[in-house]
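Right, one structure below, let's go through it.
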Amino acid sequence: LLTRMAHVRRGRKRIRAHANPFSDADVAVPLQPSDINWIEKYQSHEERKGDDVPVQLAQSDVDKKKRTKPNICDIGCGFGGLILSLSAVLPDSLIVGLEIRPQAVAIVEERIQKARAEGKARNICVVKCNVMKHFSQYFHKGQLDKIFFTFPDPHFKKGNFRRRIINQSFLAYYAYALKLGGICYTVTDVEDLFKWQTSHLDAHPLFERIPDEEIKEDPCFIAMTTKTDEAKKVERLHGSKFSACYRRVKAPSQAPQAKIAKTNEP
């Protein structure tokens with residue numbers, strides 16, 4: 001188990017490694033997914049011309065707003081290493097990173113702008129969001145093709161287990177946002193957290209584990225386990241990484257109720 005520092009240094013900035021998801025934060029929250037103007041967040045992406053535009057945008061502003069929405073989500077994107085990598089892996093997708101810490105969001109925005117100046121990262125953005133409070137207000141049913149949980153806060157104390165980003169209650173929200181056949185990717189360097197996450201996902205009727213042999217060559221899986229800032233740190237310190245991926249499946253059909261035979265009373 002790697003020793004986790006209370007703070008992370010980023011240049012001259014000092015940033016807390018984690019945040020309390022149950023504390024109030026000064027952030028604007030949409031009332032519903034349709035209130036979000038994703039075009040503004042992918043402005044550079046929208047301005048691209050020609051055949052290299054990853055998604056087809058309709059002519060009217062109304063249709064543009066309806067059709068321009070992310071289909072890939074990195075929950076707790078940290079400093080943006082994964083979404084920057086996925087930008088090249090999934091050039092035809094729109095990718096969003098959700099992050100609760102404002103300082104981390106600012107750093108990701110800087111990295112995105114720098115990449116865009118080089119003609120890259122046109123299909124990614126970052127949003128400050130408290131996922132445990134407002135995730136359902138950002139995504140329509142079945143909107144996402146893939147969702148990522150990379151090295152989340154393990155919340156070691158038993159009294160803080162309710163803060164873990166994957167738990168029985170929140171899996172329903174993630175299943176709602178994932179389309180049928182969509183994939184939930186997870187990786188951590190904490191074995192106890194890995195067992196917690198897989199036990200909850202295994203028990204949920206809307207998720208089915210994908211065999212390791214089937215997923216190991218997936219470019220997104222490779223990016224998640226090798227390209228993020230945290231994954232690189234784990235490798236430098238010769239730590240272990242525990243990963244599991246799940247497919248969104250249909251709800252099992254309810255067993256038919258047994259018919260009660262009618263009898264004639266004497």
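Labels used: A, B, ... for chains in the order of the structure tokens, numbers from 1 for residues in each chain, and numbers from 1 for ligands as shown.
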
List as a tab-separated table every residue of stretch 68-104 of chain A that is in contact with stretch 164-183 of chain A, defined as an atom at most 12 Å from one of its atoms (using only C-alpha atoms), together with the nearest atom pair and the distance in Å rounded to one decimal, sorted by chain and then rising number.
residue	atom	partner	partner_atom	distance
A:Pro70	CA	A:Ala177	CA	11.2
A:Asn71	CA	A:Leu178	CA	8.9
A:Ile72	CA	A:Leu178	CA	9.5
A:Cys73	CA	A:Leu178	CA	9.9
A:Asp74	CA	A:Tyr174	CA	11.8
A:Ile75	CA	A:Ile165	CA	8.8
A:Gly76	CA	A:Ile165	CA	9.1

Next, dump the selected residues to file, keeping only C-alpha atoms, as a short mmCIF file (atom, residue, chain, number, x, y, z; two decimals), in the first residue's frame.
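Below is the file that was written, part_13.cif:
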data_model
loop_
_atom_site.label_atom_id
_atom_site.label_comp_id
_atom_site.auth_asym_id
_atom_site.auth_seq_id
_atom_site.Cartn_x
_atom_site.Cartn_y
_atom_site.Cartn_z
CA PRO A 70 -20.48 14.02 -23.99
CA ASN A 71 -20.68 10.25 -24.27
CA ILE A 72 -17.53 9.52 -22.22
CA CYS A 73 -17.10 10.52 -18.57
CA ASP A 74 -14.10 10.39 -16.23
CA ILE A 75 -15.35 10.75 -12.65
CA GLY A 76 -12.76 12.41 -10.43
#

- Can you tell me, as a list in words, what residues are no more than 8 Å from stretch 223-232 of chain A when counting only C-alpha atoms, ignoring any on the same chain fewer than 6 positions away? Phe79, Gly80, Gly81, Leu82, Ser85, Leu86, Thr150, Phe151, Val187, Lys241 and Ser243 of chain A

- Which residue out of A:Ile215, A:Pro152, A:Val105, A:Pro205 has the minimum interatomic distance to A:Leu193 when only C-alpha atoms are used?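 For A:Leu193, the nearest of the given residues is A:Pro152.
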
Which residues of stretch 70-160 of chain A come within 7 Å of stretch 29-33 of chain A, and for each one, what is the closest pair of atoms and their distance in Å to one decimal, counting only C-alpha atoms, sorted by chain and residue number, as a Markdown table?
| residue | atom | partner | partner_atom | distance |
| --- | --- | --- | --- | --- |
| A:Gln137 | CA | A:Gln32 | CA | 4.7 |
| A:Tyr138 | CA | A:Pro33 | CA | 4.5 |
| A:Phe139 | CA | A:Pro33 | CA | 5.3 |
| A:His140 | CA | A:Pro33 | CA | 6.1 |

Can you spit out the residues from that selection as a short mmCIF file (atom, residue, chain, number, x, y, z; two decimals), in the first residue's frame, using all heavy atoms?
data_model
loop_
_atom_site.label_atom_id
_atom_site.label_comp_id
_atom_site.auth_asym_id
_atom_site.auth_seq_id
_atom_site.Cartn_x
_atom_site.Cartn_y
_atom_site.Cartn_z
N GLN A 137 -27.88 15.25 -12.46
CA GLN A 137 -28.32 16.48 -13.10
C GLN A 137 -27.50 16.83 -14.34
O GLN A 137 -27.75 17.84 -14.99
CB GLN A 137 -28.26 17.63 -12.10
CG GLN A 137 -29.29 17.49 -10.97
CD GLN A 137 -28.99 18.36 -9.78
OE1 GLN A 137 -28.57 17.90 -8.72
NE2 GLN A 137 -29.22 19.66 -9.93
N TYR A 138 -26.54 15.97 -14.68
CA TYR A 138 -25.67 16.25 -15.82
C TYR A 138 -25.89 15.33 -17.02
O TYR A 138 -25.50 15.67 -18.14
CB TYR A 138 -24.20 16.15 -15.39
CG TYR A 138 -23.72 17.37 -14.64
CD1 TYR A 138 -23.94 17.49 -13.26
CD2 TYR A 138 -23.08 18.42 -15.29
CE1 TYR A 138 -23.51 18.62 -12.57
CE2 TYR A 138 -22.65 19.54 -14.60
CZ TYR A 138 -22.87 19.64 -13.25
OH TYR A 138 -22.44 20.76 -12.56
N PHE A 139 -26.52 14.17 -16.81
CA PHE A 139 -26.59 13.19 -17.90
C PHE A 139 -27.99 12.62 -18.06
O PHE A 139 -28.67 12.32 -17.08
CB PHE A 139 -25.60 12.05 -17.64
CG PHE A 139 -24.17 12.52 -17.51
CD1 PHE A 139 -23.58 12.59 -16.26
CD2 PHE A 139 -23.45 12.92 -18.62
CE1 PHE A 139 -22.28 13.03 -16.12
CE2 PHE A 139 -22.15 13.37 -18.49
CZ PHE A 139 -21.56 13.43 -17.25
N HIS A 140 -28.38 12.46 -19.34
CA HIS A 140 -29.64 11.82 -19.67
C HIS A 140 -29.51 10.30 -19.52
O HIS A 140 -28.41 9.76 -19.44
CB HIS A 140 -30.05 12.16 -21.10
CG HIS A 140 -30.33 13.60 -21.35
ND1 HIS A 140 -31.53 14.20 -21.01
CD2 HIS A 140 -29.56 14.57 -21.90
CE1 HIS A 140 -31.50 15.47 -21.35
NE2 HIS A 140 -30.32 15.73 -21.89
#

- Go ahead and compute the interatomic distance for atom CA of A:Ala28 and atom CA of A:Cys129, in Å to one decimal.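 That distance, rounded to one decimal, is 8.9 Å.
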
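The space between atom CA of A:Gln197 and atom CA of A:Phe242 spans 10.6 Å.
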
- Task: Pick out each residue of stretch 114-219 of chain A that DSSP on the backbone tags as helix (DSSP H, G or I); I need them as a VMD selection string.
- Result: chain A and resid 114 to 117 131 to 137 158 to 163 171 to 177 191 to 203 212 to 215 219

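Here atom CA of A:Ile100 and atom CA of A:Lys157 stand 20.6 Å from one another.
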
- Considering only C-alpha atoms, state which residue in the set A:Cys125, A:Val108, A:Cys220, A:Met132 is at the smallest distance from A:Ala88. A:Cys220

- Task: For each of A:Ser87, A:Ile222, A:Glu99, A:Ser136, take the minimum atom-to-atom distance to A:Gly119, counting only C-alpha atoms, then give the residue where this is smallest.
- Result: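 Closest to A:Gly119, using only C-alpha atoms: A:Ser87.
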
- Message: Can you pull out the residues contacting A:Pro252? Cut-off 12 Å, using only C-alpha atoms, and skip same-chain residues under 5 positions away; I want them as a ChimeraX atom specification.
- Response: /A:204-208

- Message: For a quick check of understanding, using only C-alpha atoms, which of A:Arg101, A:Arg67, A:Lys158, A:Lys146 has the smallest distance to A:Arg248?
- Response: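 Of the candidates, the smallest distance to A:Arg248 is held by A:Lys146.
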
- Message: To test your reading of the structure, identify every residue in stretch 93-227 of chain A that backbone DSSP assigns to strand (DSSP E), and report it as number ranges by chain.
- Response: A: 95-99, 124-128, 144-150, 178-188, 207-209

- Item | Selection: 8 Å around A:Leu84, only C-alpha atoms, excl. self and same-chain fewer than 5 positions, as a ChimeraX atom specification | /A:112,121,124
